[in-house]
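Everything below belongs to query-v7.tsv, which stores TSV, C-alpha atoms.
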```tsv
chain	number	residue	atom	x	y	z
A	1500	MET	CA	17.07	17.67	-29.50
A	1501	SER	CA	15.31	18.34	-32.77
A	1502	GLN	CA	11.90	19.99	-32.53
A	1503	PHE	CA	10.59	17.12	-34.67
A	1504	ALA	CA	11.85	14.41	-32.30
A	1505	PRO	CA	9.09	12.06	-31.10
A	1506	PRO	CA	7.91	12.58	-27.50
A	1507	SER	CA	9.42	10.32	-24.89
A	1508	GLN	CA	7.45	7.26	-23.84
A	1509	PRO	CA	5.29	7.71	-20.71
A	1510	VAL	CA	6.58	6.16	-17.50
A	1511	THR	CA	3.81	4.40	-15.59
A	1512	GLY	CA	3.89	4.38	-11.81
A	1513	LEU	CA	1.95	2.05	-9.52
A	1514	ILE	CA	0.92	3.35	-6.09
A	1515	LEU	CA	-0.19	0.84	-3.47
A	1516	SER	CA	-1.56	2.51	-0.37
A	1517	GLY	CA	-1.48	1.13	3.16
A	1518	GLY	CA	-4.22	-0.57	5.08
A	1519	GLY	CA	-3.18	-3.77	6.83
A	1520	ALA	CA	-5.31	-6.73	5.74
A	1521	ARG	CA	-7.18	-4.45	3.34
A	1522	ALA	CA	-4.15	-4.72	1.03
A	1523	ALA	CA	-5.49	-8.12	-0.08
A	1524	TYR	CA	-7.74	-6.07	-2.37
A	1525	GLN	CA	-4.65	-4.81	-4.23
A	1526	VAL	CA	-3.61	-8.38	-5.05
A	1527	GLY	CA	-6.93	-8.97	-6.82
A	1528	VAL	CA	-6.42	-5.84	-8.92
A	1529	LEU	CA	-2.89	-6.94	-9.82
A	1530	ALA	CA	-4.16	-10.42	-10.77
A	1531	ALA	CA	-6.63	-8.83	-13.19
A	1532	ILE	CA	-3.86	-6.70	-14.74
A	1533	ALA	CA	-1.68	-9.80	-15.12
A	1534	ASP	CA	-4.52	-11.52	-17.00
A	1535	LEU	CA	-4.80	-8.53	-19.36
A	1536	LEU	CA	-1.12	-8.49	-20.26
A	1537	PRO	CA	-0.26	-9.96	-23.67
A	1538	ASP	CA	3.24	-10.81	-22.38
A	1539	ALA	CA	3.38	-12.60	-19.03
A	1540	ALA	CA	6.96	-11.49	-18.37
A	1541	HIS	CA	6.36	-7.82	-19.14
A	1542	ASN	CA	6.35	-5.46	-16.15
A	1543	PRO	CA	3.91	-2.62	-16.97
A	1544	PHE	CA	5.06	-0.52	-13.98
A	1545	PRO	CA	8.63	0.84	-14.22
A	1546	VAL	CA	7.99	2.75	-10.96
A	1547	ILE	CA	6.39	0.96	-7.99
A	1548	VAL	CA	5.65	2.78	-4.73
A	1549	GLY	CA	4.07	1.33	-1.61
A	1550	THR	CA	3.24	2.30	1.94
A	1551	SER	CA	2.44	0.08	4.93
A	1552	ALA	CA	1.02	-3.25	3.73
A	1553	GLY	CA	1.11	-1.77	0.24
A	1554	ALA	CA	4.90	-1.57	0.62
A	1555	ILE	CA	5.02	-5.36	1.07
A	1556	ASN	CA	3.02	-5.85	-2.12
A	1557	ALA	CA	5.16	-3.28	-3.94
A	1558	VAL	CA	8.46	-4.93	-3.02
A	1559	GLY	CA	7.00	-8.37	-3.76
A	1560	LEU	CA	6.28	-7.16	-7.30
A	1561	ALA	CA	9.69	-5.52	-7.64
A	1562	CYS	CA	11.51	-8.66	-6.51
A	1563	GLY	CA	9.83	-10.56	-9.33
A	1564	ALA	CA	9.71	-7.75	-11.89
A	1565	LEU	CA	11.55	-9.89	-14.47
A	1566	HIS	CA	8.41	-12.04	-14.66
A	1567	PHE	CA	5.44	-9.93	-13.63
A	1568	THR	CA	2.71	-12.57	-13.85
A	1569	GLU	CA	4.69	-15.04	-11.76
A	1570	ALA	CA	5.32	-12.35	-9.13
A	1571	VAL	CA	1.58	-11.63	-8.95
A	1572	ARG	CA	0.88	-15.36	-8.65
A	1573	ARG	CA	3.26	-15.65	-5.70
A	1574	LEU	CA	1.67	-12.64	-3.98
A	1575	THR	CA	-1.79	-14.08	-4.53
A	1576	ALA	CA	-0.80	-17.45	-3.09
A	1577	VAL	CA	0.55	-15.79	0.07
A	1578	TRP	CA	-2.56	-13.66	0.61
A	1579	GLN	CA	-4.96	-16.52	-0.15
A	1580	GLY	CA	-3.33	-18.65	2.53
A	1581	PHE	CA	-2.90	-15.92	5.12
A	1582	HIS	CA	-3.63	-16.59	8.77
A	1583	THR	CA	-3.39	-14.04	11.55
A	1584	HIS	CA	-0.64	-15.96	13.35
A	1585	GLN	CA	1.60	-15.43	10.30
A	1586	VAL	CA	1.46	-11.65	10.84
A	1587	TYR	CA	1.33	-11.22	14.61
A	1588	ARG	CA	1.13	-13.40	17.73
A	1589	SER	CA	-2.51	-14.40	18.19
A	1590	ASP	CA	-2.08	-17.30	20.65
A	1591	TRP	CA	-2.89	-16.92	24.35
A	1592	PRO	CA	0.75	-16.67	25.55
A	1593	GLY	CA	1.65	-14.18	22.81
A	1594	VAL	CA	-1.41	-11.97	23.33
A	1595	LEU	CA	-1.12	-11.92	27.14
A	1596	ARG	CA	2.62	-11.30	27.07
A	1597	GLN	CA	2.28	-8.37	24.68
A	1598	ALA	CA	-0.70	-6.92	26.55
A	1599	SER	CA	1.19	-7.01	29.85
A	1600	ARG	CA	4.18	-5.36	28.20
A	1601	PHE	CA	1.99	-2.64	26.76
A	1602	ILE	CA	0.31	-1.94	30.10
A	1603	GLY	CA	3.59	-2.04	31.99
A	1604	HIS	CA	5.24	0.33	29.56
A	1605	SER	CA	2.31	2.74	29.15
A	1606	LEU	CA	1.00	2.92	32.73
A	1607	LEU	CA	3.94	1.94	34.92
A	1608	GLY	CA	6.86	3.14	32.81
A	1609	LEU	CA	8.53	-0.27	32.79
A	1610	GLY	CA	10.77	-1.52	29.99
A	1611	GLY	CA	11.49	1.86	28.47
A	1612	ASP	CA	13.94	0.41	25.95
A	1613	ILE	CA	11.34	-1.97	24.47
A	1614	PRO	CA	9.25	-0.50	21.62
A	1615	VAL	CA	5.63	-0.16	22.74
A	1616	ALA	CA	2.87	-1.95	20.81
A	1617	LEU	CA	-0.37	-3.84	21.36
A	1618	LEU	CA	0.61	-6.74	19.08
A	1619	ASP	CA	3.81	-8.69	18.45
A	1620	SER	CA	4.56	-8.63	14.69
A	1621	SER	CA	7.63	-10.89	14.80
A	1622	PRO	CA	5.87	-13.62	12.73
A	1623	LEU	CA	5.59	-11.17	9.83
A	1624	ALA	CA	9.36	-10.78	9.75
A	1625	GLU	CA	9.78	-14.53	9.42
A	1626	LEU	CA	7.21	-14.72	6.63
A	1627	LEU	CA	8.81	-11.92	4.59
A	1628	ARG	CA	12.30	-13.33	5.10
A	1629	ARG	CA	11.09	-16.63	3.69
A	1630	GLU	CA	9.05	-15.29	0.77
A	1631	LEU	CA	11.07	-12.35	-0.62
A	1632	ASP	CA	14.31	-12.42	-2.61
A	1633	PHE	CA	15.55	-8.83	-2.52
A	1634	THR	CA	18.29	-9.57	-5.08
A	1635	GLY	CA	15.55	-9.62	-7.72
A	1636	ILE	CA	15.21	-5.83	-7.44
A	1637	ALA	CA	18.79	-5.16	-8.55
A	1638	ALA	CA	18.46	-7.70	-11.36
A	1639	ALA	CA	15.28	-6.05	-12.65
A	1640	VAL	CA	16.90	-2.61	-12.52
A	1641	ARG	CA	19.97	-3.86	-14.42
A	1642	GLN	CA	17.80	-5.37	-17.15
A	1643	ARG	CA	15.66	-2.19	-17.33
A	1644	GLN	CA	12.47	-3.97	-16.34
A	1645	LEU	CA	12.29	-1.64	-13.33
A	1646	ARG	CA	13.20	2.00	-12.92
A	1647	ALA	CA	12.70	2.20	-9.16
A	1648	VAL	CA	10.77	0.78	-6.23
A	1649	ALA	CA	10.12	2.74	-3.05
A	1650	VAL	CA	8.59	2.33	0.40
A	1651	THR	CA	7.74	5.13	2.80
A	1652	ALA	CA	8.15	5.13	6.58
A	1653	PHE	CA	7.68	7.78	9.27
A	1654	GLY	CA	10.58	8.84	11.51
A	1655	TYR	CA	9.54	9.28	15.13
A	1656	GLU	CA	12.42	11.62	15.99
A	1657	THR	CA	12.50	13.84	12.90
A	1658	GLY	CA	8.78	13.73	12.13
A	1659	GLN	CA	9.61	13.21	8.45
A	1660	ALA	CA	8.05	10.88	5.90
A	1661	VAL	CA	11.13	9.14	4.50
A	1662	THR	CA	10.83	7.38	1.16
A	1663	PHE	CA	13.50	4.71	0.85
A	1664	TYR	CA	14.02	3.84	-2.80
A	1665	GLN	CA	16.17	1.51	-4.87
A	1666	GLY	CA	16.59	2.10	-8.57
A	1667	ARG	CA	18.68	3.62	-11.28
A	1668	ALA	CA	21.65	5.71	-10.27
A	1669	THR	CA	20.34	8.67	-12.28
A	1670	ILE	CA	17.49	9.27	-9.80
A	1671	ASP	CA	18.35	12.12	-7.44
A	1672	PRO	CA	17.21	12.21	-3.81
A	1673	TRP	CA	14.72	14.90	-2.86
A	1674	PHE	CA	14.19	17.14	0.14
A	1675	ARG	CA	10.80	18.74	0.80
A	1676	HIS	CA	9.05	19.94	3.93
A	1677	ARG	CA	8.81	16.88	6.23
A	1678	ARG	CA	9.29	14.44	3.33
A	1679	VAL	CA	12.54	13.23	1.83
A	1680	GLY	CA	13.69	10.58	-0.61
A	1681	VAL	CA	16.72	8.49	0.31
A	1682	PRO	CA	18.44	6.04	-2.07
A	1683	THR	CA	19.25	2.74	-0.39
A	1684	ARG	CA	19.33	-1.00	-0.88
A	1685	LEU	CA	15.92	-2.09	0.33
A	1686	GLY	CA	15.75	-4.80	2.96
A	1687	LEU	CA	13.44	-6.44	5.43
A	1688	GLU	CA	13.74	-3.62	7.96
A	1689	HIS	CA	12.30	-1.06	5.53
A	1690	LEU	CA	9.18	-3.14	4.94
A	1691	LEU	CA	8.62	-3.82	8.64
A	1692	ALA	CA	9.05	-0.13	9.43
A	1693	SER	CA	6.63	0.98	6.72
A	1694	ALA	CA	4.01	-1.54	7.92
A	1695	SER	CA	4.30	-0.73	11.65
A	1696	ILE	CA	0.94	0.86	12.45
A	1697	PRO	CA	1.51	3.13	15.50
A	1698	LEU	CA	0.59	1.55	18.86
A	1699	ILE	CA	-0.60	-1.63	17.12
A	1700	PHE	CA	2.77	-2.86	15.81
A	1701	PRO	CA	6.19	-1.96	17.28
A	1702	PRO	CA	8.40	0.65	15.57
A	1703	VAL	CA	11.51	-0.52	13.73
A	1704	LYS	CA	14.98	0.95	14.09
A	1705	ILE	CA	16.80	1.86	10.87
A	1706	ASN	CA	20.27	3.30	11.39
A	1707	ARG	CA	19.84	5.72	14.31
A	1708	GLU	CA	16.10	6.35	14.25
A	1709	TYR	CA	12.90	4.42	14.95
A	1710	PHE	CA	10.36	4.35	12.13
A	1711	GLY	CA	6.69	3.52	11.89
A	1712	ASP	CA	3.93	3.35	9.30
A	1713	GLY	CA	4.64	5.79	6.47
A	1714	ALA	CA	0.99	6.77	6.07
A	1715	VAL	CA	1.10	8.67	9.39
A	1716	ARG	CA	2.96	11.69	8.02
A	1717	GLN	CA	2.63	11.34	4.26
A	1718	PRO	CA	0.85	14.48	3.02
A	1719	ALA	CA	1.52	13.71	-0.66
A	1720	PRO	CA	1.38	9.92	-1.27
A	1721	ILE	CA	1.62	10.33	-5.06
A	1722	SER	CA	4.68	12.59	-4.93
A	1723	PRO	CA	7.36	9.84	-4.53
A	1724	ALA	CA	6.28	8.20	-7.79
A	1725	LEU	CA	6.67	11.52	-9.61
A	1726	HIS	CA	10.10	12.09	-8.06
A	1727	LEU	CA	11.12	8.66	-9.32
A	1728	GLY	CA	10.20	9.59	-12.88
A	1729	ALA	CA	6.57	8.48	-13.30
A	1730	THR	CA	4.56	10.59	-15.74
A	1731	ARG	CA	1.26	8.79	-15.11
A	1732	VAL	CA	0.08	6.78	-12.11
A	1733	LEU	CA	-2.28	3.95	-11.33
A	1734	VAL	CA	-3.51	4.24	-7.74
A	1735	VAL	CA	-4.98	1.16	-6.07
A	1736	GLY	CA	-6.76	2.36	-2.96
A	1737	VAL	CA	-8.27	0.49	-0.05
A	1738	SER	CA	-11.09	2.89	0.75
A	1739	GLY	CA	-14.53	2.58	-0.74
A	1740	SER	CA	-15.64	4.37	-3.87
A	1741	PRO	CA	-18.46	6.93	-3.45
A	1742	ALA	CA	-20.95	4.21	-4.37
A	1743	ALA	CA	-19.51	1.90	-1.72
A	1744	ASN	CA	-19.87	4.57	0.94
A	1745	ALA	CA	-23.49	5.40	0.18
A	1746	VAL	CA	-25.46	6.19	3.31
A	1747	GLU	CA	-28.17	3.74	2.33
A	1748	ASP	CA	-25.71	0.88	2.91
A	1749	VAL	CA	-25.16	1.94	6.51
A	1750	PRO	CA	-28.01	1.17	8.93
A	1751	ARG	CA	-29.02	4.15	11.02
A	1752	PRO	CA	-28.87	3.45	14.77
A	1753	GLN	CA	-32.12	3.51	16.70
A	1754	HIS	CA	-30.41	4.61	19.90
A	1755	VAL	CA	-27.40	6.89	19.92
A	1756	ARG	CA	-24.59	5.51	22.09
A	1757	PRO	CA	-21.13	6.83	22.81
A	1758	PRO	CA	-18.60	5.52	20.23
A	1759	SER	CA	-16.60	2.51	21.30
A	1760	LEU	CA	-12.82	2.55	21.40
A	1761	ALA	CA	-12.84	0.43	18.24
A	1762	GLN	CA	-15.07	2.93	16.43
A	1763	ILE	CA	-12.75	5.77	17.37
A	1764	GLY	CA	-9.73	3.71	16.34
A	1765	GLY	CA	-11.36	2.84	13.02
A	1766	HIS	CA	-11.86	6.49	12.15
A	1767	MET	CA	-8.28	7.29	13.17
A	1768	LEU	CA	-6.96	4.49	10.95
A	1769	ASN	CA	-9.09	5.70	8.06
A	1770	SER	CA	-7.78	9.24	8.45
A	1771	THR	CA	-4.23	7.87	8.47
A	1772	PHE	CA	-4.45	5.52	5.50
A	1773	ILE	CA	-7.17	7.00	3.32
A	1774	ASP	CA	-7.75	10.74	3.71
A	1775	SER	CA	-4.30	11.96	2.63
A	1776	LEU	CA	-4.34	9.81	-0.52
A	1777	GLU	CA	-7.80	11.00	-1.54
A	1778	SER	CA	-6.79	14.62	-0.89
A	1779	ASP	CA	-3.62	14.21	-2.95
A	1780	ILE	CA	-5.58	12.74	-5.87
A	1781	GLU	CA	-8.01	15.67	-5.71
A	1782	LEU	CA	-5.13	18.17	-5.64
A	1783	LEU	CA	-3.42	16.50	-8.59
A	1784	GLU	CA	-6.63	16.60	-10.63
A	1785	ARG	CA	-6.97	20.32	-9.91
A	1786	LEU	CA	-3.38	20.93	-11.02
A	1787	ASN	CA	-4.10	18.95	-14.19
A	1788	GLN	CA	-7.10	21.18	-14.90
A	1789	MET	CA	-4.98	24.29	-14.32
A	1790	SER	CA	-2.26	22.95	-16.61
A	1791	ARG	CA	-4.73	22.36	-19.44
A	1792	LEU	CA	-5.91	25.98	-19.21
A	1793	ILE	CA	-2.38	27.34	-19.66
A	1794	PRO	CA	-0.78	27.06	-23.13
A	1795	PRO	CA	2.35	24.85	-23.02
A	1796	GLU	CA	4.61	27.69	-24.15
A	1797	LEU	CA	3.48	29.76	-21.14
A	1798	HIS	CA	4.10	27.07	-18.50
A	1799	PRO	CA	6.46	28.45	-15.82
A	1800	ARG	CA	9.54	26.27	-15.66
A	1801	GLY	CA	10.08	24.16	-12.56
A	1802	LEU	CA	6.51	24.44	-11.23
A	1803	GLY	CA	5.50	20.91	-12.16
A	1804	LEU	CA	2.43	21.94	-14.17
A	1805	LYS	CA	2.77	19.16	-16.73
A	1806	PRO	CA	-0.43	17.06	-16.56
A	1807	VAL	CA	-0.12	13.70	-14.80
A	1808	GLU	CA	-2.65	11.11	-15.89
A	1809	VAL	CA	-4.22	9.32	-12.92
A	1810	LEU	CA	-6.34	6.17	-12.88
A	1811	VAL	CA	-7.84	5.08	-9.56
A	1812	ILE	CA	-9.21	1.63	-8.72
A	1813	ALA	CA	-10.98	1.42	-5.36
A	1814	PRO	CA	-13.33	-1.05	-3.66
A	1815	SER	CA	-16.90	-0.97	-4.93
A	1816	ARG	CA	-18.15	-2.32	-1.60
A	1817	PRO	CA	-17.33	-1.16	1.96
A	1818	LEU	CA	-14.55	-3.32	3.38
A	1819	ASP	CA	-15.62	-2.91	7.00
A	1820	VAL	CA	-18.96	-4.52	6.16
A	1821	ILE	CA	-17.11	-7.47	4.64
A	1822	ALA	CA	-14.84	-7.67	7.70
A	1823	ALA	CA	-17.88	-7.74	10.02
A	1824	ARG	CA	-19.16	-10.85	8.25
A	1825	HIS	CA	-15.83	-12.63	8.78
A	1826	ARG	CA	-15.15	-11.47	12.35
A	1827	ARG	CA	-15.57	-14.99	13.78
A	1828	GLU	CA	-12.51	-16.11	11.79
A	1829	LEU	CA	-10.32	-14.17	14.21
A	1830	PRO	CA	-8.43	-16.47	16.63
A	1831	ARG	CA	-10.24	-16.97	19.92
A	1832	ALA	CA	-7.59	-15.32	22.09
A	1833	LEU	CA	-7.61	-12.23	19.90
A	1834	ARG	CA	-11.41	-12.10	19.81
A	1835	LEU	CA	-11.47	-11.95	23.60
A	1836	PHE	CA	-8.68	-9.37	23.63
A	1837	LEU	CA	-10.56	-7.12	21.16
A	1838	ARG	CA	-14.03	-7.66	22.60
A	1839	GLY	CA	-13.62	-4.99	25.27
A	1840	PRO	CA	-12.77	-2.16	22.81
A	1841	GLY	CA	-15.69	-3.30	20.63
A	1842	ALA	CA	-13.69	-4.47	17.59
A	1843	THR	CA	-15.59	-7.77	17.40
A	1844	GLN	CA	-18.93	-5.97	17.05
A	1845	ALA	CA	-20.31	-4.75	13.72
A	1846	SER	CA	-19.83	-1.13	14.79
A	1847	GLY	CA	-16.13	-1.73	15.38
A	1848	ALA	CA	-15.44	-3.54	12.12
A	1849	GLY	CA	-13.37	-0.60	10.87
A	1850	VAL	CA	-10.45	-1.69	13.06
A	1851	LEU	CA	-11.13	-5.33	12.27
A	1852	SER	CA	-10.84	-4.66	8.53
A	1853	TYR	CA	-7.17	-3.76	9.07
A	1854	LEU	CA	-6.29	-6.69	11.34
A	1855	LEU	CA	-8.26	-9.65	9.95
A	1856	PHE	CA	-5.54	-11.64	8.16
A	1857	GLU	CA	-7.68	-14.74	7.61
A	1858	PRO	CA	-8.42	-16.68	4.38
A	1859	GLY	CA	-12.17	-16.00	4.19
A	1860	TYR	CA	-11.79	-12.23	4.46
A	1861	CYS	CA	-8.62	-11.95	2.34
A	1862	ASN	CA	-10.00	-14.14	-0.44
A	1863	GLU	CA	-13.20	-12.11	-0.64
A	1864	LEU	CA	-11.13	-8.93	-0.95
A	1865	ILE	CA	-8.97	-10.52	-3.66
A	1866	GLU	CA	-12.08	-11.48	-5.61
A	1867	LEU	CA	-13.53	-7.99	-5.16
A	1868	GLY	CA	-10.31	-6.41	-6.41
A	1869	TYR	CA	-10.30	-8.66	-9.46
A	1870	GLN	CA	-13.92	-7.84	-10.28
A	1871	ASP	CA	-13.44	-4.09	-9.79
A	1872	ALA	CA	-10.37	-4.06	-12.03
A	1873	MET	CA	-12.15	-6.03	-14.75
A	1874	ALA	CA	-15.07	-3.60	-14.50
A	1875	GLN	CA	-12.54	-0.94	-15.60
A	1876	GLN	CA	-10.97	-3.21	-18.18
A	1877	SER	CA	-11.27	-0.76	-21.07
A	1878	GLU	CA	-9.74	2.05	-19.00
A	1879	LEU	CA	-6.88	-0.20	-17.90
A	1880	ILE	CA	-6.15	-1.36	-21.46
A	1881	GLU	CA	-6.02	2.24	-22.67
A	1882	PHE	CA	-4.04	3.48	-19.66
A	1883	LEU	CA	-1.41	0.72	-19.89
A	1884	CYS	CA	-1.35	0.83	-23.70
A	1885	LEU	CA	-2.30	-2.85	-23.93
A	1886	SER	CA	-4.40	-2.58	-27.10
A	1887	SER	CA	-1.48	-4.02	-29.05
A	1888	PRO	CA	1.14	-6.54	-27.90
A	1889	PRO	CA	4.52	-5.26	-26.74
A	1890	VAL	CA	7.13	-4.62	-29.43
A	1891	PRO	CA	9.42	-7.67	-29.62
A	1892	THR	CA	12.98	-7.10	-28.46
A	1893	VAL	CA	14.40	-9.31	-31.26
A	1894	VAL	CA	13.66	-8.35	-34.87
A	1895	PRO	CA	13.08	-11.49	-36.99
A	1896	VAL	CA	15.43	-11.96	-39.90
A	1897	PRO	CA	13.56	-12.18	-43.24
A	1898	ALA	CA	13.89	-15.44	-45.14
```

Would it be possible to restate this file's structure as structure tokens?
Amino acid sequence: MSQFAPPSQPVTGLILSGGGARAAYQVGVLAAIADLLPDAAHNPFPVIVGTSAGAINAVGLACGALHFTEAVRRLTAVWQGFHTHQVYRSDWPGVLRQASRFIGHSLLGLGGDIPVALLDSSPLAELLRRELDFTGIAAAVRQRQLRAVAVTAFGYETGQAVTFYQGRATIDPWFRHRRVGVPTRLGLEHLLASASIPLIFPPVKINREYFGDGAVRQPAPISPALHLGATRVLVVGVSGSPAANAVEDVPRPQHVRPPSLAQIGGHMLNSTFIDSLESDIELLERLNQMSRLIPPELHPRGLGLKPVEVLVIAPSRPLDVIAARHRRELPRALRLFLRGPGATQASGAGVLSYLLFEPGYCNELIELGYQDAMAQQSELIEFLCLSSPPVPTVVPVPA
């Protein structure tokens, strides 16, 4: 290559983190991006990576990557009309049956061959089977509208975070400590595995191993996008920004009580879905600072010190506070089931914010995501190079 050759075009990666019903926020952000695009069919994200509920959104985008705006519209319609019974059994027979199974398995050792879980997520499988056309991924890759899409799941036997990806044949698999990348043809089982929150939803068997939510053992959530060729990444998180987590927004208790099971569970879910992503972003920013201090000609080869531009969009308001306002939308059987652990109280809304798949809550998160993205409109336009319309693929013939 000549030393005067122009630099290669940046490859933009989209990272959608996990978080159950919180992932509705991501749809609002995507809707704002779709409104900013000068070309409705243009896919601004050649690399799309998702984990847990973010994996469902990621694959939904990839399936419709040949027409990005339409894919976002379909995702939005699904999330706007969500009801809990479309994700897991929330009727009395379903809740009681699953609770008895869980108790029998956990306390009495019965039904050892049945995956243990508090909730039955079989309705989600039916919904995804009906809404997703996985053949769209291969079509988008062939027409170079998509470089790769990936979802991450956690293997219970190996203890590895496995990133299953589908994309161009030139992408090599990777092997790191407790995290690997495996090329495959993505299917329903990969999404269900990635979204199976431990103990809450049952694990899913892929080949010879059971898998669960990929956020459990994912120390570097941004890494898969870089392995797939992304040179800059847009991260849509589901945790609050520093302003959203201000202590003044949280009322101080007058009497200190022991934490409820729901409070404990909420903190455990936050540490699973949020902490590793925030730590990875912080690490990447430090590496970027180090890279800028070292002249390019002195960069050690193979150490990955090339700066990676990162843009983060995160909720400007605490999602557990929003969930607490909508807690009465939860089906009656589930409200009674979760009352004991304290999830239906304001103090236990952390758990509720992951499980409340109801229109009022989801629509408020979608609207919040849209507003937060538009608040960063100038940054998004610059990051996605949207200041000018895309170059047309057909050059007009002069008259």

Exercise. With distances taken over all atoms listed in the file, which of A:Leu1698, A:Ala1874, A:Val1526, A:Ala1660 is nearest to A:Arg1716?
Worked result: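 Using all atoms listed in the file, the shortest distance to A:Arg1716 belongs to A:Ala1660.
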
Expected axis-aligned box over every listed atom of stretch 1669-1676 of chain A, 4 Å added per side, centre plus edges in Å to one decimal, as JSON:
```
{"center_x": 14.7, "center_y": 14.3, "center_z": -4.2, "size_x": 19.3, "size_y": 19.3, "size_z": 24.2}
```

Problem set entry | Proximity to A:Ala1719 - best of A:Ser1516, A:Ala1624, A:Ala1531, A:Asn1556, only C-alpha atoms |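 Among the listed residues, A:Ser1516 lies closest to A:Ala1719.
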
For this session: Tell me, in Å to one decimal, how far atom CA of A:Thr1568 is from atom CA of A:Arg1629.
Result: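 Spanning atom CA of A:Thr1568 to atom CA of A:Arg1629 is a straight-line distance of 19.9 Å.
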
For this session: Can you work out the spacing between atom CA of A:Asp1619 and atom CA of A:His1825 in Å, to one decimal?
Result: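 Separation of atom CA of A:Asp1619 and atom CA of A:His1825: 22.2 Å.
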